Amino acid sequence: MVDKYTVIREMRQYAEKNNVPIMLDEGIEFLTTFILKNHIKNILEIGTAIGYSAIMMAFVDPNVKITTIERDEVRYLEALKNVKKLGLEDRITLIYNDAFNVKLDEKFDLIFIDAAKAQNIKFFEFFEYNLVSGGAVITDNLKFHGMVDKEEYEIKSKNLRALVRKIKDYIVYLKENKKYDTEFFEVGDGISVSVKK
Ligand code: SAH
Ligand code: MG
């Protein structure tokens, strides 16, 4: 029997070594507490990476099920390996594809968006059909390592400036979206929770 803490530690080490941007402790704590408090059972995650956040969410409660999508093959295979090691195959469904090619019929009570940061509005609109009313969309990295709080001239790279602008657009989009009540949290790298009315 593998020790779950060893596997978690190895996942973190792998992420660190290979520059995989997994959610750090504060964010994971926030996410898992949210799942617990709101009795979330069925989760859709956009952006699996190596399966770290999906696995941490699965550990909250044995009734939690997660469907998670990843387009990078190396990361998907690593996630598959980690999920199997922990015997979570029956609760974590891994989909290897670009999220925009994945049309699901199923409804979820939580959608966690943690993929390409410039595409947040598109992910939101593409998957909101899959959210039950009263369900929540949680989005990670709204501060983008502090970049979103900086003045534009302070950001030297053009690509990064464009990305930060997109994240700001997403924040405005959430604030103005009357179908949802959105709250923003200064936790980890910045998290929003949008509850569908
Ligand atoms: N949620 C993970 C980290 C995800 S990192 C964790 O905290 O453990 C973001 C991932 O999203 C990357 O691995 C990237 O390949 C993936 N991604 C980005 N855009 C995507 C898309 N359109 N479809 C599927 N995966 C995508
Ligand atoms: Mg993230």
# chains A, B, ... in the order shown; residues from 1 in each chain; ligands from 1

call {"tool": "closest_atom_pairs", "arguments": {"of": "chain A", "to": "ligand 2", "cutoff": "9 Å", "atoms": "only C-alpha atoms and all ligand atoms", "output": "JSON lines"}}
result
{"residue": "A:Pro21", "atom": "CA", "partner": "ligand 2", "partner_atom_place_in_ligand_line": "1 (Mg)", "distance": 6.3}
{"residue": "A:Ile22", "atom": "CA", "partner": "ligand 2", "partner_atom_place_in_ligand_line": "1 (Mg)", "distance": 5.8}
{"residue": "A:Met23", "atom": "CA", "partner": "ligand 2", "partner_atom_place_in_ligand_line": "1 (Mg)", "distance": 5.0}
{"residue": "A:Leu24", "atom": "CA", "partner": "ligand 2", "partner_atom_place_in_ligand_line": "1 (Mg)", "distance": 8.2}
{"residue": "A:Gly27", "atom": "CA", "partner": "ligand 2", "partner_atom_place_in_ligand_line": "1 (Mg)", "distance": 8.5}
{"residue": "A:Gly47", "atom": "CA", "partner": "ligand 2", "partner_atom_place_in_ligand_line": "1 (Mg)", "distance": 8.4}
{"residue": "A:Ser53", "atom": "CA", "partner": "ligand 2", "partner_atom_place_in_ligand_line": "1 (Mg)", "distance": 9.0}
{"residue": "A:Ile113", "atom": "CA", "partner": "ligand 2", "partner_atom_place_in_ligand_line": "1 (Mg)", "distance": 8.2}
{"residue": "A:Asp114", "atom": "CA", "partner": "ligand 2", "partner_atom_place_in_ligand_line": "1 (Mg)", "distance": 4.9}
{"residue": "A:Ala115", "atom": "CA", "partner": "ligand 2", "partner_atom_place_in_ligand_line": "1 (Mg)", "distance": 7.1}
{"residue": "A:Lys117", "atom": "CA", "partner": "ligand 2", "partner_atom_place_in_ligand_line": "1 (Mg)", "distance": 8.8}
{"residue": "A:Thr139", "atom": "CA", "partner": "ligand 2", "partner_atom_place_in_ligand_line": "1 (Mg)", "distance": 8.1}
{"residue": "A:Asp140", "atom": "CA", "partner": "ligand 2", "partner_atom_place_in_ligand_line": "1 (Mg)", "distance": 4.9}
{"residue": "A:Asn141", "atom": "CA", "partner": "ligand 2", "partner_atom_place_in_ligand_line": "1 (Mg)", "distance": 5.3}
{"residue": "A:Leu142", "atom": "CA", "partner": "ligand 2", "partner_atom_place_in_ligand_line": "1 (Mg)", "distance": 8.9}
{"residue": "A:Phe144", "atom": "CA", "partner": "ligand 2", "partner_atom_place_in_ligand_line": "1 (Mg)", "distance": 8.8}
{"residue": "A:Asp189", "atom": "CA", "partner": "ligand 2", "partner_atom_place_in_ligand_line": "1 (Mg)", "distance": 7.5}

call {"tool": "write_last_selection", "arguments": {"atoms": "C-alpha atoms", "output": "mmCIF file, in the first residue's frame"}}
result
data_model
loop_
_atom_site.group_PDB
_atom_site.id
_atom_site.type_symbol
_atom_site.label_atom_id
_atom_site.label_comp_id
_atom_site.auth_asym_id
_atom_site.auth_seq_id
_atom_site.Cartn_x
_atom_site.Cartn_y
_atom_site.Cartn_z
ATOM 1 C CA PRO A 21 2.382 25.561 -11.672
ATOM 2 C CA ILE A 22 0.358 23.556 -9.140
ATOM 3 C CA MET A 23 -1.802 25.247 -6.566
ATOM 4 C CA LEU A 24 0.071 25.991 -3.350
ATOM 5 C CA GLY A 27 -5.143 27.898 -2.354
ATOM 6 C CA GLY A 47 -6.335 22.198 -16.168
ATOM 7 C CA SER A 53 -5.297 19.726 -7.109
ATOM 8 C CA ILE A 113 -10.933 26.887 -13.817
ATOM 9 C CA ASP A 114 -7.148 26.663 -13.604
ATOM 10 C CA ALA A 115 -5.892 26.511 -17.191
ATOM 11 C CA LYS A 117 -5.218 32.367 -17.936
ATOM 12 C CA THR A 139 -11.031 30.516 -10.728
ATOM 13 C CA ASP A 140 -7.374 30.488 -9.698
ATOM 14 C CA ASN A 141 -4.482 32.893 -10.330
ATOM 15 C CA LEU A 142 -6.383 36.170 -10.563
ATOM 16 C CA PHE A 144 -0.981 36.128 -11.507
ATOM 17 C CA ASP A 189 -2.505 33.652 -6.067
#

call {"tool": "residues_near_ligand", "arguments": {"ligand": "ligand 1", "cutoff": "10 Å", "atoms": "only C-alpha atoms and all ligand atoms", "output": "PyMOL selection string"}}
result
chain A and resi 11-12+15+19-25+27-28+45-57+68-76+79+95-102+112-120+122-123+140-141

call {"tool": "closest_residue", "arguments": {"among": "A:Asn82, A:Gly87, A:Ile35, A:Leu163", "to": "Glu10 in chain A", "atoms": "only C-alpha atoms"}}
result
A:Asn82

call {"tool": "closest_residue", "arguments": {"among": "A:Asp181, A:Asp109, A:Asp61, A:Glu29", "to": "Asn42 in chain A", "atoms": "only C-alpha atoms"}}
result
A:Asp109

call {"tool": "closest_residue", "arguments": {"among": "A:Ile155, A:Ile111, A:Leu94, A:Ala58", "to": "Val132 in chain A", "atoms": "only C-alpha atoms"}}
result
A:Ile111

call {"tool": "atom_distance", "arguments": {"atom1": "CA of Thr182 in chain A", "atom2": "CA of Thr93 in chain A"}}
result
27.7 Å

call {"tool": "select_by_dssp", "arguments": {"residues": "range 48-187 of chain A", "states": "strand (DSSP E)", "output": "number ranges by chain"}}
result
A: 65-70, 92-96, 108-113, 131-140, 180-185

call {"tool": "write_last_selection", "arguments": {"atoms": "C-alpha atoms", "output": "CSV table (one decimal), in the first residue's frame"}}
result
chain,number,residue,atom,x,y,z
A,65,LYS,CA,-15.9,12.8,-7.8
A,66,ILE,CA,-13.8,14.8,-10.2
A,67,THR,CA,-13.6,15.1,-14.0
A,68,THR,CA,-10.5,16.9,-15.1
A,69,ILE,CA,-9.2,18.0,-18.5
A,70,GLU,CA,-5.6,18.4,-19.6
A,92,ILE,CA,-11.0,11.0,-10.8
A,93,THR,CA,-11.8,10.9,-14.5
A,94,LEU,CA,-8.9,12.2,-16.6
A,95,ILE,CA,-9.6,13.6,-20.0
A,96,TYR,CA,-6.7,14.2,-22.3
A,108,PHE,CA,-21.4,19.7,-11.7
A,109,ASP,CA,-21.7,21.6,-8.5
A,110,LEU,CA,-18.3,23.0,-8.8
A,111,ILE,CA,-16.3,24.0,-11.8
A,112,PHE,CA,-12.6,24.9,-11.1
A,113,ILE,CA,-10.9,26.9,-13.8
A,131,LEU,CA,-23.1,24.0,-13.7
A,132,VAL,CA,-26.1,23.4,-11.6
A,133,SER,CA,-27.9,26.4,-10.3
A,134,GLY,CA,-26.6,27.3,-6.9
A,135,GLY,CA,-23.3,25.8,-8.0
A,136,ALA,CA,-20.0,27.7,-8.1
A,137,VAL,CA,-17.2,28.5,-10.5
A,138,ILE,CA,-13.9,28.9,-8.8
A,139,THR,CA,-11.0,30.5,-10.7
A,140,ASP,CA,-7.4,30.5,-9.7
A,180,TYR,CA,-23.7,35.0,-10.7
A,181,ASP,CA,-22.7,36.5,-7.4
A,182,THR,CA,-18.9,36.7,-7.4
A,183,GLU,CA,-16.6,37.2,-4.5
A,184,PHE,CA,-12.8,37.7,-4.7
A,185,PHE,CA,-10.4,36.4,-2.2

call {"tool": "select_by_dssp", "arguments": {"residues": "chain A", "states": "helix (DSSP H, G or I)", "output": "ChimeraX atom specification"}}
result
/A:4-17,25-37,52-58,73-85,99-101,117-130,147-149,152-154,158-176
